[in-house]
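> One structure is given below, represented as structure tokens, and several questions about it will come after.
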Amino acid sequence: MEFSEVVRRRRMVRDYDPDRPVPPEILDRILANGLRAPSAGFSQGWAFLVLEKPDTDRYWAVAAPDPDPKYVQWIEGLQRAPVLVLAFAHKDTYLDRYAEKDKGLTDRDESRWSAPYWYIDTGMAALLMLQTVVDEGLGACFFGMPTDRISLIRKEFGVPEGYDAVGVISIGYRAPDRPSPSLKRGRRTPAEVVHRGQWREG
């Protein structure tokens with residue numbers, strides 16, 4: 001598939017065919033392409049926990065044992081995904097990397113960072129996975145872990161301290177699903193968000 005077509009077709013898919021598992025070779029390509037993402041100082045301070053059936057059921061039992069009724073339809077569709085990839089960022093990897101000799105710093109002072117690149121880089125890796133999913137003819141959705149359940153999710157799957165939850169990617173073959181009502185907002189145009197030479201209002 002042409003890259004521009006991948007970009008145009010990428011959307012969040014919230015329902016899956018539970019009877020079609022993701023072939024192992026496709027899942028391996030999705031993960032491998034994610035690891036091609038850029039990272040500050042080539043730190044690569046990310047980690048991905050891959051869950052397939054029945055481990056995905058363990059995730060949902062911990063993450064959404066009693067979902068809010070307004071989200072039940074979304075969650076039921078996501079629960080049919082045969083694969084979940086939980087994305088984590090490891091800040092210490094970046095602080096350690098930039099205290100190395102070739103970076104010219106002598107400490108791990110977090111205030112030197114203009115933005116938390118450990119989250120940014122993990123997000124870019126997730127986006128490459130989302131794009132690869134489209135290229136492979138599958139569907140995916142990136143969503144957050146419920147904040148009040150993250151510690152329980154970490155405990156359930158043995159995630160070590162220092163790895164911050166960034167989000168979850170559900171992957172599978174698409175089933176018919178209804179578009180998110182948020183899409184009614186419309187996509188903002190380049191004229192609305194791109195500033196050339198000088199920031200302008202309106």
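Identifiers in this document derive from the order of the structure tokens: chains are assigned A, B, ..., residues are numbered from 1 separately in each chain, and ligands are numbered from 1 in order of occurrence.
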Select from region 8-178 of chain A everything DSSP, run on the backbone, classes as alpha helix (DSSP H), then give the selection as a PDB file with N, CA and C atoms, in the first residue's frame.

ATOM      1  N   ARG A   8      -4.071   8.068   4.990  1.00  0.00           N
ATOM      2  CA  ARG A   8      -5.493   8.405   4.807  1.00  0.00           C
ATOM      3  C   ARG A   8      -6.414   7.367   5.442  1.00  0.00           C
ATOM      4  N   ARG A   9      -6.022   6.101   5.406  1.00  0.00           N
ATOM      5  CA  ARG A   9      -6.896   5.037   5.903  1.00  0.00           C
ATOM      6  C   ARG A   9      -6.801   4.830   7.406  1.00  0.00           C
ATOM      7  N   PRO A  24       1.104 -14.655  13.449  1.00  0.00           N
ATOM      8  CA  PRO A  24       2.324 -14.295  14.178  1.00  0.00           C
ATOM      9  C   PRO A  24       3.304 -13.455  13.363  1.00  0.00           C
ATOM     10  N   GLU A  25       3.441 -13.760  12.069  1.00  0.00           N
ATOM     11  CA  GLU A  25       4.411 -13.014  11.261  1.00  0.00           C
ATOM     12  C   GLU A  25       3.966 -11.563  11.068  1.00  0.00           C
ATOM     13  N   ILE A  26       2.657 -11.327  11.009  1.00  0.00           N
ATOM     14  CA  ILE A  26       2.165  -9.958  10.894  1.00  0.00           C
ATOM     15  C   ILE A  26       2.393  -9.214  12.203  1.00  0.00           C
ATOM     16  N   LEU A  27       2.100  -9.854  13.322  1.00  0.00           N
ATOM     17  CA  LEU A  27       2.325  -9.215  14.618  1.00  0.00           C
ATOM     18  C   LEU A  27       3.802  -8.881  14.798  1.00  0.00           C
ATOM     19  N   ASP A  28       4.680  -9.779  14.374  1.00  0.00           N
ATOM     20  CA  ASP A  28       6.121  -9.510  14.478  1.00  0.00           C
ATOM     21  C   ASP A  28       6.512  -8.289  13.649  1.00  0.00           C
ATOM     22  N   ARG A  29       5.942  -8.130  12.450  1.00  0.00           N
ATOM     23  CA  ARG A  29       6.259  -6.971  11.615  1.00  0.00           C
ATOM     24  C   ARG A  29       5.741  -5.679  12.253  1.00  0.00           C
ATOM     25  N   ILE A  30       4.555  -5.748  12.826  1.00  0.00           N
ATOM     26  CA  ILE A  30       3.997  -4.567  13.497  1.00  0.00           C
ATOM     27  C   ILE A  30       4.920  -4.105  14.611  1.00  0.00           C
ATOM     28  N   LEU A  31       5.362  -5.034  15.433  1.00  0.00           N
ATOM     29  CA  LEU A  31       6.238  -4.692  16.559  1.00  0.00           C
ATOM     30  C   LEU A  31       7.601  -4.219  16.071  1.00  0.00           C
ATOM     31  N   ALA A  32       8.148  -4.901  15.087  1.00  0.00           N
ATOM     32  CA  ALA A  32       9.471  -4.525  14.570  1.00  0.00           C
ATOM     33  C   ALA A  32       9.452  -3.124  13.974  1.00  0.00           C
ATOM     34  N   ASN A  33       8.394  -2.782  13.242  1.00  0.00           N
ATOM     35  CA  ASN A  33       8.313  -1.441  12.661  1.00  0.00           C
ATOM     36  C   ASN A  33       8.191  -0.380  13.738  1.00  0.00           C
ATOM     37  N   GLY A  34       7.477  -0.685  14.824  1.00  0.00           N
ATOM     38  CA  GLY A  34       7.395   0.266  15.924  1.00  0.00           C
ATOM     39  C   GLY A  34       8.756   0.611  16.486  1.00  0.00           C
ATOM     40  N   ASP A  55      -4.706 -14.017  27.522  1.00  0.00           N
ATOM     41  CA  ASP A  55      -4.155 -12.973  28.395  1.00  0.00           C
ATOM     42  C   ASP A  55      -4.867 -11.644  28.229  1.00  0.00           C
ATOM     43  N   THR A  56      -5.462 -11.401  27.044  1.00  0.00           N
ATOM     44  CA  THR A  56      -6.236 -10.171  26.884  1.00  0.00           C
ATOM     45  C   THR A  56      -7.423 -10.151  27.850  1.00  0.00           C
ATOM     46  N   ASP A  57      -7.993 -11.325  28.130  1.00  0.00           N
ATOM     47  CA  ASP A  57      -9.105 -11.401  29.080  1.00  0.00           C
ATOM     48  C   ASP A  57      -8.647 -10.995  30.476  1.00  0.00           C
ATOM     49  N   ARG A  58      -7.420 -11.364  30.826  1.00  0.00           N
ATOM     50  CA  ARG A  58      -6.873 -10.943  32.121  1.00  0.00           C
ATOM     51  C   ARG A  58      -6.779  -9.427  32.192  1.00  0.00           C
ATOM     52  N   TYR A  59      -6.360  -8.818  31.078  1.00  0.00           N
ATOM     53  CA  TYR A  59      -6.266  -7.355  31.069  1.00  0.00           C
ATOM     54  C   TYR A  59      -7.627  -6.729  31.348  1.00  0.00           C
ATOM     55  N   TRP A  60      -8.640  -7.159  30.609  1.00  0.00           N
ATOM     56  CA  TRP A  60      -9.957  -6.530  30.749  1.00  0.00           C
ATOM     57  C   TRP A  60     -10.571  -6.807  32.109  1.00  0.00           C
ATOM     58  N   ALA A  61     -10.295  -7.968  32.695  1.00  0.00           N
ATOM     59  CA  ALA A  61     -10.826  -8.268  34.028  1.00  0.00           C
ATOM     60  C   ALA A  61     -10.284  -7.300  35.069  1.00  0.00           C
ATOM     61  N   VAL A  62      -9.040  -6.850  34.862  1.00  0.00           N
ATOM     62  CA  VAL A  62      -8.430  -5.908  35.797  1.00  0.00           C
ATOM     63  C   VAL A  62      -8.762  -4.468  35.418  1.00  0.00           C
ATOM     64  N   ALA A  63      -8.706  -4.162  34.128  1.00  0.00           N
ATOM     65  CA  ALA A  63      -8.850  -2.772  33.675  1.00  0.00           C
ATOM     66  C   ALA A  63     -10.290  -2.280  33.661  1.00  0.00           C
ATOM     67  N   VAL A  72     -19.689   1.046  27.648  1.00  0.00           N
ATOM     68  CA  VAL A  72     -19.824  -0.413  27.527  1.00  0.00           C
ATOM     69  C   VAL A  72     -19.719  -0.871  26.082  1.00  0.00           C
ATOM     70  N   GLN A  73     -20.396  -0.188  25.157  1.00  0.00           N
ATOM     71  CA  GLN A  73     -20.362  -0.626  23.756  1.00  0.00           C
ATOM     72  C   GLN A  73     -18.938  -0.587  23.200  1.00  0.00           C
ATOM     73  N   TRP A  74     -18.207   0.492  23.519  1.00  0.00           N
ATOM     74  CA  TRP A  74     -16.822   0.584  23.038  1.00  0.00           C
ATOM     75  C   TRP A  74     -15.983  -0.552  23.620  1.00  0.00           C
ATOM     76  N   ILE A  75     -16.112  -0.765  24.927  1.00  0.00           N
ATOM     77  CA  ILE A  75     -15.280  -1.768  25.592  1.00  0.00           C
ATOM     78  C   ILE A  75     -15.596  -3.168  25.077  1.00  0.00           C
ATOM     79  N   GLU A  76     -16.866  -3.454  24.858  1.00  0.00           N
ATOM     80  CA  GLU A  76     -17.213  -4.783  24.336  1.00  0.00           C
ATOM     81  C   GLU A  76     -16.565  -5.037  22.982  1.00  0.00           C
ATOM     82  N   GLY A  77     -16.516  -4.014  22.132  1.00  0.00           N
ATOM     83  CA  GLY A  77     -15.857  -4.172  20.840  1.00  0.00           C
ATOM     84  C   GLY A  77     -14.358  -4.349  20.984  1.00  0.00           C
ATOM     85  N   LEU A  78     -13.740  -3.549  21.872  1.00  0.00           N
ATOM     86  CA  LEU A  78     -12.296  -3.655  22.089  1.00  0.00           C
ATOM     87  C   LEU A  78     -11.921  -4.999  22.705  1.00  0.00           C
ATOM     88  N   GLN A  79     -12.813  -5.539  23.530  1.00  0.00           N
ATOM     89  CA  GLN A  79     -12.535  -6.830  24.162  1.00  0.00           C
ATOM     90  C   GLN A  79     -12.448  -7.966  23.147  1.00  0.00           C
ATOM     91  N   LYS A  91      11.555   6.550  31.843  1.00  0.00           N
ATOM     92  CA  LYS A  91      12.252   7.835  31.944  1.00  0.00           C
ATOM     93  C   LYS A  91      13.720   7.669  32.328  1.00  0.00           C
ATOM     94  N   ASP A  92      14.025   6.759  33.228  1.00  0.00           N
ATOM     95  CA  ASP A  92      15.409   6.619  33.695  1.00  0.00           C
ATOM     96  C   ASP A  92      16.371   6.292  32.564  1.00  0.00           C
ATOM     97  N   THR A  93      15.899   5.575  31.549  1.00  0.00           N
ATOM     98  CA  THR A  93      16.757   5.270  30.403  1.00  0.00           C
ATOM     99  C   THR A  93      17.253   6.559  29.758  1.00  0.00           C
ATOM    100  N   TYR A  94      16.383   7.562  29.657  1.00  0.00           N
ATOM    101  CA  TYR A  94      16.741   8.840  29.040  1.00  0.00           C
ATOM    102  C   TYR A  94      17.651   9.655  29.956  1.00  0.00           C
ATOM    103  N   LEU A  95      17.320   9.708  31.228  1.00  0.00           N
ATOM    104  CA  LEU A  95      18.152  10.479  32.152  1.00  0.00           C
ATOM    105  C   LEU A  95      19.559   9.881  32.239  1.00  0.00           C
ATOM    106  N   ASP A  96      19.643   8.556  32.231  1.00  0.00           N
ATOM    107  CA  ASP A  96      20.954   7.896  32.242  1.00  0.00           C
ATOM    108  C   ASP A  96      21.709   8.159  30.940  1.00  0.00           C
ATOM    109  N   ARG A  97      21.001   8.068  29.817  1.00  0.00           N
ATOM    110  CA  ARG A  97      21.654   8.250  28.510  1.00  0.00           C
ATOM    111  C   ARG A  97      22.262   9.628  28.381  1.00  0.00           C
ATOM    112  N   TYR A 117      10.526  13.423  26.564  1.00  0.00           N
ATOM    113  CA  TYR A 117      10.712  12.647  25.337  1.00  0.00           C
ATOM    114  C   TYR A 117      10.482  11.159  25.532  1.00  0.00           C
ATOM    115  N   TRP A 118      10.539  10.656  26.754  1.00  0.00           N
ATOM    116  CA  TRP A 118      10.262   9.242  26.987  1.00  0.00           C
ATOM    117  C   TRP A 118       8.815   8.924  26.612  1.00  0.00           C
ATOM    118  N   TYR A 119       7.906   9.883  26.808  1.00  0.00           N
ATOM    119  CA  TYR A 119       6.518   9.686  26.380  1.00  0.00           C
ATOM    120  C   TYR A 119       6.360   9.959  24.878  1.00  0.00           C
ATOM    121  N   ILE A 120       7.004  11.000  24.407  1.00  0.00           N
ATOM    122  CA  ILE A 120       6.903  11.356  22.988  1.00  0.00           C
ATOM    123  C   ILE A 120       7.404  10.204  22.112  1.00  0.00           C
ATOM    124  N   ASP A 121       8.565   9.678  22.444  1.00  0.00           N
ATOM    125  CA  ASP A 121       9.156   8.615  21.629  1.00  0.00           C
ATOM    126  C   ASP A 121       8.310   7.346  21.661  1.00  0.00           C
ATOM    127  N   THR A 122       7.776   7.017  22.823  1.00  0.00           N
ATOM    128  CA  THR A 122       6.912   5.836  22.920  1.00  0.00           C
ATOM    129  C   THR A 122       5.658   6.043  22.083  1.00  0.00           C
ATOM    130  N   GLY A 123       5.132   7.262  22.082  1.00  0.00           N
ATOM    131  CA  GLY A 123       3.978   7.567  21.235  1.00  0.00           C
ATOM    132  C   GLY A 123       4.302   7.433  19.757  1.00  0.00           C
ATOM    133  N   MET A 124       5.511   7.852  19.352  1.00  0.00           N
ATOM    134  CA  MET A 124       5.891   7.708  17.943  1.00  0.00           C
ATOM    135  C   MET A 124       6.028   6.237  17.555  1.00  0.00           C
ATOM    136  N   ALA A 125       6.554   5.433  18.476  1.00  0.00           N
ATOM    137  CA  ALA A 125       6.639   3.994  18.203  1.00  0.00           C
ATOM    138  C   ALA A 125       5.241   3.403  18.045  1.00  0.00           C
ATOM    139  N   ALA A 126       4.318   3.851  18.892  1.00  0.00           N
ATOM    140  CA  ALA A 126       2.934   3.371  18.788  1.00  0.00           C
ATOM    141  C   ALA A 126       2.315   3.772  17.454  1.00  0.00           C
ATOM    142  N   LEU A 127       2.601   4.991  16.992  1.00  0.00           N
ATOM    143  CA  LEU A 127       2.043   5.431  15.712  1.00  0.00           C
ATOM    144  C   LEU A 127       2.574   4.581  14.560  1.00  0.00           C
ATOM    145  N   LEU A 128       3.851   4.239  14.582  1.00  0.00           N
ATOM    146  CA  LEU A 128       4.380   3.371  13.533  1.00  0.00           C
ATOM    147  C   LEU A 128       3.693   2.008  13.548  1.00  0.00           C
ATOM    148  N   MET A 129       3.364   1.523  14.740  1.00  0.00           N
ATOM    149  CA  MET A 129       2.615   0.266  14.815  1.00  0.00           C
ATOM    150  C   MET A 129       1.220   0.442  14.213  1.00  0.00           C
ATOM    151  N   LEU A 130       0.555   1.550  14.521  1.00  0.00           N
ATOM    152  CA  LEU A 130      -0.770   1.803  13.972  1.00  0.00           C
ATOM    153  C   LEU A 130      -0.730   1.861  12.445  1.00  0.00           C
ATOM    154  N   GLN A 131       0.296   2.495  11.903  1.00  0.00           N
ATOM    155  CA  GLN A 131       0.407   2.590  10.452  1.00  0.00           C
ATOM    156  C   GLN A 131       0.708   1.231   9.822  1.00  0.00           C
ATOM    157  N   THR A 132       1.531   0.437  10.487  1.00  0.00           N
ATOM    158  CA  THR A 132       1.836  -0.899   9.968  1.00  0.00           C
ATOM    159  C   THR A 132       0.586  -1.769   9.961  1.00  0.00           C
ATOM    160  N   VAL A 133      -0.235  -1.628  10.998  1.00  0.00           N
ATOM    161  CA  VAL A 133      -1.489  -2.367  11.055  1.00  0.00           C
ATOM    162  C   VAL A 133      -2.326  -2.084   9.807  1.00  0.00           C
ATOM    163  N   VAL A 134      -2.438  -0.813   9.434  1.00  0.00           N
ATOM    164  CA  VAL A 134      -3.210  -0.443   8.244  1.00  0.00           C
ATOM    165  C   VAL A 134      -2.594  -1.071   7.003  1.00  0.00           C
ATOM    166  N   ASP A 135      -1.271  -0.991   6.899  1.00  0.00           N
ATOM    167  CA  ASP A 135      -0.580  -1.536   5.737  1.00  0.00           C
ATOM    168  C   ASP A 135      -0.790  -3.047   5.612  1.00  0.00           C
ATOM    169  N   ILE A 150      -4.244   1.409  36.855  1.00  0.00           N
ATOM    170  CA  ILE A 150      -2.888   1.165  36.337  1.00  0.00           C
ATOM    171  C   ILE A 150      -2.052   0.356  37.317  1.00  0.00           C
ATOM    172  N   SER A 151      -2.113   0.689  38.600  1.00  0.00           N
ATOM    173  CA  SER A 151      -1.295  -0.059  39.565  1.00  0.00           C
ATOM    174  C   SER A 151      -1.706  -1.527  39.604  1.00  0.00           C
ATOM    175  N   LEU A 152      -2.994  -1.808  39.441  1.00  0.00           N
ATOM    176  CA  LEU A 152      -3.465  -3.196  39.431  1.00  0.00           C
ATOM    177  C   LEU A 152      -3.031  -3.914  38.151  1.00  0.00           C
ATOM    178  N   ILE A 153      -3.049  -3.186  37.025  1.00  0.00           N
ATOM    179  CA  ILE A 153      -2.582  -3.763  35.760  1.00  0.00           C
ATOM    180  C   ILE A 153      -1.094  -4.100  35.869  1.00  0.00           C
ATOM    181  N   ARG A 154      -0.335  -3.172  36.424  1.00  0.00           N
ATOM    182  CA  ARG A 154       1.113  -3.413  36.580  1.00  0.00           C
ATOM    183  C   ARG A 154       1.359  -4.652  37.435  1.00  0.00           C
ATOM    184  N   LYS A 155       0.609  -4.762  38.534  1.00  0.00           N
ATOM    185  CA  LYS A 155       0.785  -5.910  39.428  1.00  0.00           C
ATOM    186  C   LYS A 155       0.389  -7.211  38.742  1.00  0.00           C
ATOM    187  N   GLU A 156      -0.729  -7.196  38.003  1.00  0.00           N
ATOM    188  CA  GLU A 156      -1.212  -8.404  37.335  1.00  0.00           C
ATOM    189  C   GLU A 156      -0.187  -8.974  36.352  1.00  0.00           C
ATOM    190  N   PHE A 157       0.520  -8.069  35.667  1.00  0.00           N
ATOM    191  CA  PHE A 157       1.435  -8.520  34.609  1.00  0.00           C
ATOM    192  C   PHE A 157       2.913  -8.365  34.975  1.00  0.00           C
TER     193      PHE A 157
END
> What are the nearest atom pairs, with distances in Å to one decimal, for all residues of region 91-202 of chain A that come at most 12 Å from region 16-20 of chain A, using only C-alpha atoms, set out by chain and rising residue number as a tab-separated table?

residue	atom	partner	partner_atom	distance
A:Leu138	CA	A:Tyr16	CA	9.4
A:Gly139	CA	A:Tyr16	CA	7.8
A:Ala140	CA	A:Tyr16	CA	8.9
A:Cys141	CA	A:Tyr16	CA	10.4
A:Ser170	CA	A:Tyr16	CA	9.2
A:Ile171	CA	A:Tyr16	CA	8.1
A:Gly172	CA	A:Tyr16	CA	5.8
A:Tyr173	CA	A:Tyr16	CA	5.5
A:Arg174	CA	A:Tyr16	CA	4.6
A:Ala175	CA	A:Tyr16	CA	4.5
A:Pro176	CA	A:Tyr16	CA	7.8
A:Asp177	CA	A:Tyr16	CA	8.3
A:Arg178	CA	A:Tyr16	CA	11.9
> Write out, as a compact mmCIF listing (two decimals), in the first residue's frame, the residues just selected, with N, CA, C and O atoms.

# COMPACT_ATOMS: atom_id res chain seq x y z
N LEU A 138 -5.25 -4.71 8.60
CA LEU A 138 -5.94 -4.93 9.87
C LEU A 138 -6.42 -3.59 10.44
O LEU A 138 -6.23 -2.54 9.83
N GLY A 139 -7.01 -3.64 11.62
CA GLY A 139 -7.45 -2.44 12.30
C GLY A 139 -6.82 -2.35 13.68
O GLY A 139 -6.39 -3.36 14.26
N ALA A 140 -6.79 -1.14 14.21
CA ALA A 140 -6.19 -0.94 15.54
C ALA A 140 -6.81 0.30 16.19
O ALA A 140 -7.39 1.15 15.52
N CYS A 141 -6.65 0.35 17.49
CA CYS A 141 -7.09 1.53 18.25
C CYS A 141 -6.08 1.78 19.35
O CYS A 141 -5.62 0.85 20.01
N SER A 170 -5.02 -1.91 20.59
CA SER A 170 -5.76 -3.13 20.24
C SER A 170 -5.55 -3.40 18.76
O SER A 170 -5.52 -2.47 17.95
N ILE A 171 -5.38 -4.67 18.41
CA ILE A 171 -5.08 -5.05 17.02
C ILE A 171 -5.91 -6.26 16.64
O ILE A 171 -6.03 -7.22 17.40
N GLY A 172 -6.46 -6.22 15.43
CA GLY A 172 -7.20 -7.37 14.92
C GLY A 172 -7.81 -7.05 13.57
O GLY A 172 -7.60 -5.97 13.01
N TYR A 173 -8.57 -8.01 13.06
CA TYR A 173 -9.30 -7.78 11.82
C TYR A 173 -10.58 -7.03 12.15
O TYR A 173 -11.30 -7.37 13.10
N ARG A 174 -10.86 -6.01 11.35
CA ARG A 174 -12.00 -5.14 11.63
C ARG A 174 -13.32 -5.88 11.55
O ARG A 174 -13.52 -6.72 10.68
N ALA A 175 -14.21 -5.49 12.45
CA ALA A 175 -15.62 -5.84 12.33
C ALA A 175 -16.36 -4.52 12.13
O ALA A 175 -15.82 -3.44 12.44
N PRO A 176 -17.56 -4.54 11.59
CA PRO A 176 -18.29 -3.28 11.43
C PRO A 176 -18.45 -2.58 12.78
O PRO A 176 -18.88 -3.19 13.75
N ASP A 177 -18.06 -1.36 12.83
CA ASP A 177 -18.23 -0.59 14.07
C ASP A 177 -18.74 0.80 13.73
O ASP A 177 -18.66 1.24 12.59
N ARG A 178 -19.28 1.47 14.71
CA ARG A 178 -19.80 2.81 14.46
C ARG A 178 -18.70 3.82 14.70
O ARG A 178 -17.90 3.68 15.63
> Please run DSSP on the backbone and report, as a PyMOL selection string, all residues within chain A that come out as strand (DSSP E).
chain A and resi 46-52+83-90+139-143+163-172
> Show me, as an mmCIF file with C-alpha atoms, in the first residue's frame, the residues that have an atom within 6 Å of Pro82 (chain A) when counting only C-alpha atoms, minus same-chain residues fewer than 5 positions from it.

data_model
loop_
_atom_site.group_PDB
_atom_site.id
_atom_site.type_symbol
_atom_site.label_atom_id
_atom_site.label_comp_id
_atom_site.auth_asym_id
_atom_site.auth_seq_id
_atom_site.Cartn_x
_atom_site.Cartn_y
_atom_site.Cartn_z
ATOM 1 C CA PRO A 21 -6.386 -14.216 15.139
ATOM 2 C CA GLU A 52 -2.938 -12.438 23.121
ATOM 3 C CA LYS A 53 -5.959 -14.543 24.048
ATOM 4 C CA GLY A 172 -7.195 -7.365 14.923
#
> Counting only C-alpha atoms, which residue out of A:Gly137, A:Gly104, A:Gly158, A:Gly197 sits closest to Val22 (chain A)?
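With only C-alpha atoms as the atom set, the closest residue is A:Gly137.
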> Measure the distance from CA of Asp109 (chain A) to CA of Pro38 (chain A) in Å and round it to one decimal.
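Between these atoms lies a distance of 22.1 Å.
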> Could you check the closest approach to Asp148 (chain A) for each of A:Gly41, A:Ala191, A:Ala64, A:Leu35 and tell me which residue wins, using only C-alpha atoms?
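Of A:Gly41, A:Ala191, A:Ala64, A:Leu35, the one nearest Asp148 (chain A) is A:Ala64, counting only C-alpha atoms.
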> At a cut-off of 10 Å, using only C-alpha atoms, what residues contact Glu192 (chain A)? Leave out same-chain residues fewer than 3 positions from it and give the result as a PyMOL selection string.
chain A and resi 188-189+195+200-202
> Calculate how many Å separate CA of Pro146 (chain A) from CA of Arg185 (chain A), rounding to one decimal.
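So the two atoms, CA of Pro146 (chain A) and CA of Arg185 (chain A), lie 24.4 Å apart.
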